[in-house]
Amino acid sequence: MSTFANPVVVIDNLRPNPNSDTLDIWDGPQGPCQVKRGSFQLHDLAIFVPADSLVDTTRPEFAHLAKLADGPNGRFPGMFLLRGVKLRGQLSVGLLLPLPPQFSSMPVGTDMSEVLGTVKWTPVVTQGHTDYPRARAADEVPLKVRSVPAYDVENAWRFARYAETDTTKRQWVISEKIHGMNFRMCMTTDGKILVGSRTRWLRDECADKPGEWWHEVLKTYDVYLCSMFDYADKHGFTRSSLTFYGEVFGPTQDLKYGSPKLATLRLFDIYDGDLQTFLGWSSFFEIASLGRKVPEMVAPALQQTGLLTLKEAVVRARELAPGLSTLGPNMREGVVVRPELEEVVTLTDTAPDGMVRTKQQRLQFKVISPEYLSRKDGSEGQE
């Protein structure tokens, strides 16, 4: 999950759709976005409404989508879910709107979602186990674990304003983003392993229910996961202070990675409750791979870059986001990018009312493949 925004953008590029006399393509935050030729000029300010936005078709900005909202995509009364499409043989992701004159002084990056009345589509879990106990009692979960927030990765455009002035060169790790279900795991002080999804810890009585992927992978990878805690303990970490994050994939979503029945796990991060921070890439990889003995249990690192600025890292990520997965015979969802050394930066946001806000944000971002966003009948279950 990530912060939802309809940012103000500058039209810094335009190219014709080679198959059309009336359409131009703007290469934007999510990839190519097609617009009617002549509706925008270079250096214009506009509002980008990303894919997975729910838009109100009774508003004049989205009235042209009203008929579509009543068709196969019309699951939400009066609303239309934006998805990637192909127009004259070329991908188009998201929607570009003119910036109203009264907001012409708004800086690039200003979120206009409240002005437009758009909201993020929040998918539901696909397994249908709504009868499961939703969470453990608070006293069953260690204090350090209860304080850990749900795992989020921001979209690259969340850092666009910061990237304009940030000239620091860093080494980056670009990993494949896996399309599955979020997995969390920790150990209590008495040595019991707890597992959970993105937003809840799971009770043991759920373990044998069909489609309970989290306990399934816990059973499958029991020896490895226990060894991870042992390895961390021997290298100076408190085992009960660590929370491991990963992705369970295969039967969990529409992209099967060649494993439609067997739930598979790959890890991608570790949070240290003692330090109140995520570990840097090297420390994470060292623990998750048991001293590099089992690197295949880590989400695939597609590239470890040389020194790049944040803006250069975003460009590199957009190059790597499309294509085939390294884990199985299907498309890649996208990539996740983080610096080699863990870092938190200060982001500045300006609201449409002119209010300026700052926020401390972990430096990590994702770029989603345009092909993934435009696929048909995709599942996006979250917990």
# chains A, B, ... in the order shown; residues from 1 in each chain; ligands from 1
call {"tool": "residues_around", "arguments": {"residues": "Gly328 in chain A", "least_positions_apart": "3", "cutoff": "7 Å", "atoms": "only C-alpha atoms", "output": "PyMOL selection string"}}
result
chain A and resi 257-258+325
call {"tool": "residues_around", "arguments": {"residues": "Ser105 in chain A", "least_positions_apart": "5", "cutoff": "12 Å", "atoms": "only C-alpha atoms", "output": "list in words"}}
result
Val8, Leu45, Ala46, Leu99, Pro100, Thr110, Thr350, Ala351, Pro352, Asp353 and Gly354 of chain A
call {"tool": "atom_distance", "arguments": {"atom1": "CA of Met185 in chain A", "atom2": "CA of Gly236 in chain A"}}
result
19.1 Å
call {"tool": "closest_residue", "arguments": {"among": "A:Leu320, A:Leu265, A:Val337, A:Cys186", "to": "Trp213 in chain A", "atoms": "only C-alpha atoms"}}
result
A:Leu265
call {"tool": "residues_around", "arguments": {"residues": "range 180-183 of chain A", "least_positions_apart": "3", "cutoff": "6 Å", "atoms": "only C-alpha atoms", "output": "ChimeraX atom specification"}}
result
/A:196-198,245-249,252-253
call {"tool": "write_last_selection", "arguments": {"atoms": "C-alpha atoms", "output": "PDB file, in the first residue's frame"}}
result
ATOM      1  CA  GLY A 196       0.364 -12.331  10.238  1.00  0.00           C
ATOM      2  CA  SER A 197      -0.808 -10.523   7.148  1.00  0.00           C
ATOM      3  CA  ARG A 198      -0.247  -6.829   6.454  1.00  0.00           C
ATOM      4  CA  TYR A 245       8.438  -9.148   6.185  1.00  0.00           C
ATOM      5  CA  GLY A 246       7.893 -11.090   2.998  1.00  0.00           C
ATOM      6  CA  GLU A 247       5.447 -12.048   0.269  1.00  0.00           C
ATOM      7  CA  VAL A 248       3.452 -15.261  -0.011  1.00  0.00           C
ATOM      8  CA  PHE A 249       2.734 -16.016  -3.666  1.00  0.00           C
ATOM      9  CA  THR A 252      -2.721 -16.345  -3.634  1.00  0.00           C
ATOM     10  CA  GLN A 253      -3.293 -14.071  -6.676  1.00  0.00           C
TER      11      GLN A 253
END
call {"tool": "closest_residue", "arguments": {"among": "A:Arg239, A:Asp52, A:Ser369, A:Phe244", "to": "Asp190 in chain A", "atoms": "only C-alpha atoms"}}
result
A:Arg239
call {"tool": "residues_around", "arguments": {"residues": "range 223-230 of chain A", "least_positions_apart": "3", "cutoff": "7 Å", "atoms": "only C-alpha atoms", "output": "PyMOL selection string"}}
result
chain A and resi 233-234+239+287-288+290
call {"tool": "closest_residue", "arguments": {"among": "A:Asp222, A:Asp21, A:Asp12, A:Asp254", "to": "His179 in chain A", "atoms": "only C-alpha atoms"}}
result
A:Asp254
call {"tool": "atom_distance", "arguments": {"atom1": "CA of Val108 in chain A", "atom2": "CA of Gln30 in chain A"}}
result
16.1 Å
call {"tool": "atom_distance", "arguments": {"atom1": "CA of Asn6 in chain A", "atom2": "CA of Val49 in chain A"}}
result
5.0 Å
call {"tool": "residues_around", "arguments": {"residues": "Gln360 in chain A", "least_positions_apart": "5", "cutoff": "7 Å", "atoms": "only C-alpha atoms", "output": "PyMOL selection string"}}
result
chain A and resi 344-347
call {"tool": "write_last_selection", "arguments": {"atoms": "N, CA and C atoms", "output": "mmCIF file, in the first residue's frame"}}
result
data_model
loop_
_atom_site.group_PDB
_atom_site.id
_atom_site.type_symbol
_atom_site.label_atom_id
_atom_site.label_comp_id
_atom_site.auth_asym_id
_atom_site.auth_seq_id
_atom_site.Cartn_x
_atom_site.Cartn_y
_atom_site.Cartn_z
ATOM 1 N N VAL A 344 16.194 7.922 6.156
ATOM 2 C CA VAL A 344 14.913 8.605 6.290
ATOM 3 C C VAL A 344 15.107 10.040 5.829
ATOM 4 N N VAL A 345 14.179 10.546 5.005
ATOM 5 C CA VAL A 345 14.284 11.904 4.468
ATOM 6 C C VAL A 345 13.041 12.697 4.863
ATOM 7 N N THR A 346 13.118 14.008 4.715
ATOM 8 C CA THR A 346 12.000 14.894 5.025
ATOM 9 C C THR A 346 11.320 15.321 3.739
ATOM 10 N N LEU A 347 10.033 14.962 3.597
ATOM 11 C CA LEU A 347 9.255 15.345 2.428
ATOM 12 C C LEU A 347 8.363 16.536 2.770
#
call {"tool": "residues_around", "arguments": {"residues": "range 111-122 of chain A", "least_positions_apart": "4", "cutoff": "6 Å", "atoms": "only C-alpha atoms", "output": "ChimeraX atom specification"}}
result
/A:5-7,52-55
call {"tool": "write_last_selection", "arguments": {"atoms": "C-alpha atoms", "output": "compact mmCIF listing (two decimals), in the first residue's frame"}}
result
# COMPACT_ATOMS: atom_id res chain seq x y z
CA ALA A 5 -2.41 11.17 -4.40
CA ASN A 6 -3.49 12.93 -7.59
CA PRO A 7 -0.37 15.06 -7.98
CA ASP A 52 -6.59 2.23 -9.27
CA SER A 53 -8.37 5.52 -8.58
CA LEU A 54 -12.13 5.52 -8.08
CA VAL A 55 -13.57 8.63 -9.76
call {"tool": "closest_residue", "arguments": {"among": "A:Arg170, A:Arg184, A:Arg59, A:Lys177", "to": "Ala150 in chain A", "atoms": "only C-alpha atoms"}}
result
A:Arg184
